[in-house]
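The block underneath contains the structure these notes are about, expressed in structure tokens.
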Amino acid sequence: VKVSALGHDVAVTAVRAGNDDLKLISWDVPLGLGSITRLNDTGTAAGEASNIAMTVLYDNMLITAVKDGSDNLKLISWRLEADGTMPRLKDSEGQAGEVQLVTIVAVDANNVVTAVKDGSDNLKLIGWKVSAVDGSFERWANDGEAGEVREIALMSLGSDGATTTMITAVK
């Protein structure tokens, strides 16, 4: 994802490191792409992860959605600081169960939706309110569910102020 900080662009990549841990890496990306410079990374702050997805809220809060080492959905909030460091804030603390595939999109300034292939191979959409203060997660009361899927993609089509339209593409 790309965010703007300190009057220049910063790119952040979310990768699965060689030890299977989630690692976020920040990059200074100047105009004209003269040279890209690695700024910082999160080290081992996240733990084991696969099926990594990421989105941005509040211009400087990164939200990762992953399949953790126990095969459960875990969301983690991170704050991108001016120097490119990304301290870990909060995680979804076991509020969701087993997943096989994960994707995430920002709905608005305060909310994200994850689309997952759950442990029963079914599509499930889970909404989350994210605190601007501390990055904590509150799961919405109702999930969207559909039948069996093999692959998933998720996109927000925009909002009319009262509702946001989401679209999934599945195999």
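Following the order of the structure tokens, first chain is A, next is B, and so on, with residues numbered from 1 inside each chain and ligands from 1 in the order they appear.
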Would you give me, as JSON lines, each residue of stretch 20-101 of chain A having an atom within 12 Å of an atom of stretch 142-151 of chain A, along with its shortest atom pair and that distance in Å to one decimal, using only C-alpha atoms and sorting by chain and residue number?
```
{"residue": "A:Asn51", "atom": "CA", "partner": "A:Glu151", "partner_atom": "CA", "distance": 11.8}
{"residue": "A:Ala96", "atom": "CA", "partner": "A:Asp143", "partner_atom": "CA", "distance": 10.8}
{"residue": "A:Gln100", "atom": "CA", "partner": "A:Arg150", "partner_atom": "CA", "distance": 9.5}
{"residue": "A:Leu101", "atom": "CA", "partner": "A:Glu151", "partner_atom": "CA", "distance": 7.5}
```
Restricted to all heavy atoms, what would the selected residues look like written as a PDB file, in the first residue's frame?
```pdb
ATOM      1  N   ASN A  51      -1.466 -16.056   3.863  1.00  0.00           N
ATOM      2  CA  ASN A  51      -2.633 -15.399   3.256  1.00  0.00           C
ATOM      3  C   ASN A  51      -2.753 -13.951   3.729  1.00  0.00           C
ATOM      4  O   ASN A  51      -3.758 -13.539   4.293  1.00  0.00           O
ATOM      5  CB  ASN A  51      -3.911 -16.176   3.561  1.00  0.00           C
ATOM      6  CG  ASN A  51      -3.979 -17.454   2.791  1.00  0.00           C
ATOM      7  OD1 ASN A  51      -4.316 -17.450   1.610  1.00  0.00           O
ATOM      8  ND2 ASN A  51      -3.620 -18.558   3.415  1.00  0.00           N
ATOM      9  N   ALA A  96     -12.495 -14.193  15.572  1.00  0.00           N
ATOM     10  CA  ALA A  96     -12.932 -14.928  14.388  1.00  0.00           C
ATOM     11  C   ALA A  96     -12.257 -16.292  14.388  1.00  0.00           C
ATOM     12  O   ALA A  96     -11.217 -16.485  15.022  1.00  0.00           O
ATOM     13  CB  ALA A  96     -12.582 -14.156  13.123  1.00  0.00           C
ATOM     14  N   GLN A 100      -9.172 -20.182   5.532  1.00  0.00           N
ATOM     15  CA  GLN A 100      -8.235 -20.728   4.566  1.00  0.00           C
ATOM     16  C   GLN A 100      -7.697 -19.638   3.650  1.00  0.00           C
ATOM     17  O   GLN A 100      -6.531 -19.661   3.271  1.00  0.00           O
ATOM     18  CB  GLN A 100      -8.908 -21.825   3.751  1.00  0.00           C
ATOM     19  CG  GLN A 100      -9.366 -22.995   4.616  1.00  0.00           C
ATOM     20  CD  GLN A 100     -10.106 -24.027   3.825  1.00  0.00           C
ATOM     21  OE1 GLN A 100      -9.655 -24.459   2.779  1.00  0.00           O
ATOM     22  NE2 GLN A 100     -11.266 -24.434   4.326  1.00  0.00           N
ATOM     23  N   LEU A 101      -8.556 -18.678   3.276  1.00  0.00           N
ATOM     24  CA  LEU A 101      -8.168 -17.542   2.443  1.00  0.00           C
ATOM     25  C   LEU A 101      -8.665 -16.271   3.096  1.00  0.00           C
ATOM     26  O   LEU A 101      -9.703 -16.268   3.759  1.00  0.00           O
ATOM     27  CB  LEU A 101      -8.775 -17.654   1.038  1.00  0.00           C
ATOM     28  CG  LEU A 101      -8.368 -18.872   0.216  1.00  0.00           C
ATOM     29  CD1 LEU A 101      -9.171 -18.919  -1.079  1.00  0.00           C
ATOM     30  CD2 LEU A 101      -6.891 -18.858  -0.076  1.00  0.00           C
TER      31      LEU A 101
END
```
(request) Tell me which protein, DNA and RNA residues are within 10 Å of stretch 73-76 of chain A, counting only C-alpha atoms, leaving out same-chain ones fewer than 4 positions away, and put them as an MDAnalysis selection string. (result) chainID A and resid 46 49 51:54 62:69 88:102 104 114 116 118 128 135:137
(message) Could you check the closest approach to A:Leu154 for each of A:Met86, A:Thr42, A:Met166, A:Asp108 and tell me which residue wins, using only C-alpha atoms?
(response)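 With only C-alpha atoms as the atom set, the closest residue is A:Met166.
Running DSSP on the backbone and keeping only strand (DSSP E or B), the residues of stretch 94-132 of chain A that qualify are Glu98, Val99, Gln100, Leu101, Val102, Thr103, Ile104, Val105, Ala106, Asn111, Val112, Val113, Thr114, Ala115, Val116, Lys117, Asp118, Asn122, Leu123, Lys124, Leu125, Ile126, Gly127, Trp128, Lys129 and Val130 of chain A.
Of the listed residues A:Asn72, A:Asn19, A:Thr13, A:Ser26, the one whose atoms come nearest to A:Gly47 is A:Asn19, with distances taken using only C-alpha atoms.
The closest residue to A:Asn111, picked from A:Leu80, A:Leu57, A:Leu123, A:Val133 and counting only C-alpha atoms, is A:Leu57.
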(request) Have a look at atom CA of A:Asp41 and atom CA of A:Val12 and let me know their distance in Å, one decimal. (result)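 Taking atom CA of A:Asp41 as the start and atom CA of A:Val12 as the end point, the length is 9.1 Å.
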Need to verify the contact set: A:Ala153, 7 Å, only C-alpha atoms, exclusion of same-chain residues closer than 6 positions in sequence. Can you return it as a CSV table (one decimal) with N, CA, C and O atoms, in the first residue's frame?
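Saved as result17.csv:
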```csv
chain,number,residue,atom,x,y,z
A,103,THR,N,-9.0,-11.8,2.5
A,103,THR,CA,-8.8,-10.5,1.9
A,103,THR,C,-9.4,-9.4,2.7
A,103,THR,O,-10.3,-9.7,3.6
A,168,THR,N,-18.1,-9.2,-4.2
A,168,THR,CA,-17.1,-10.3,-4.1
A,168,THR,C,-17.1,-11.0,-5.4
A,168,THR,O,-18.1,-11.1,-6.1
A,169,ALA,N,-15.9,-11.5,-5.8
A,169,ALA,CA,-15.8,-12.4,-7.0
A,169,ALA,C,-15.2,-13.7,-6.4
A,169,ALA,O,-14.3,-13.7,-5.7
A,170,VAL,N,-15.9,-14.8,-6.8
A,170,VAL,CA,-15.4,-16.1,-6.2
A,170,VAL,C,-15.3,-17.1,-7.4
A,170,VAL,O,-15.9,-17.0,-8.4
```
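With distances taken over only C-alpha atoms, A:Asp71 is the one residue among A:Asp20, A:Asp59, A:Asp71, A:Asp9 lying closest to A:Lys117.
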(message) Please report the interatomic distance between atom CA of A:Ile25 and atom CA of A:Asp134 in Å with one decimal.
(response)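 Atom CA of A:Asp134 lies 21.1 Å from atom CA of A:Ile25.
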(request) Measure the distance from atom CA of A:Val130 to atom CA of A:Trp27 in Å and round it to one decimal. (result)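 The value is 24.8 Å.
Distances from A:Thr55, A:Thr85, A:Ser50, A:Ser70 to A:Ala109 were compared using only C-alpha atoms, and the smallest one belongs to A:Thr55.
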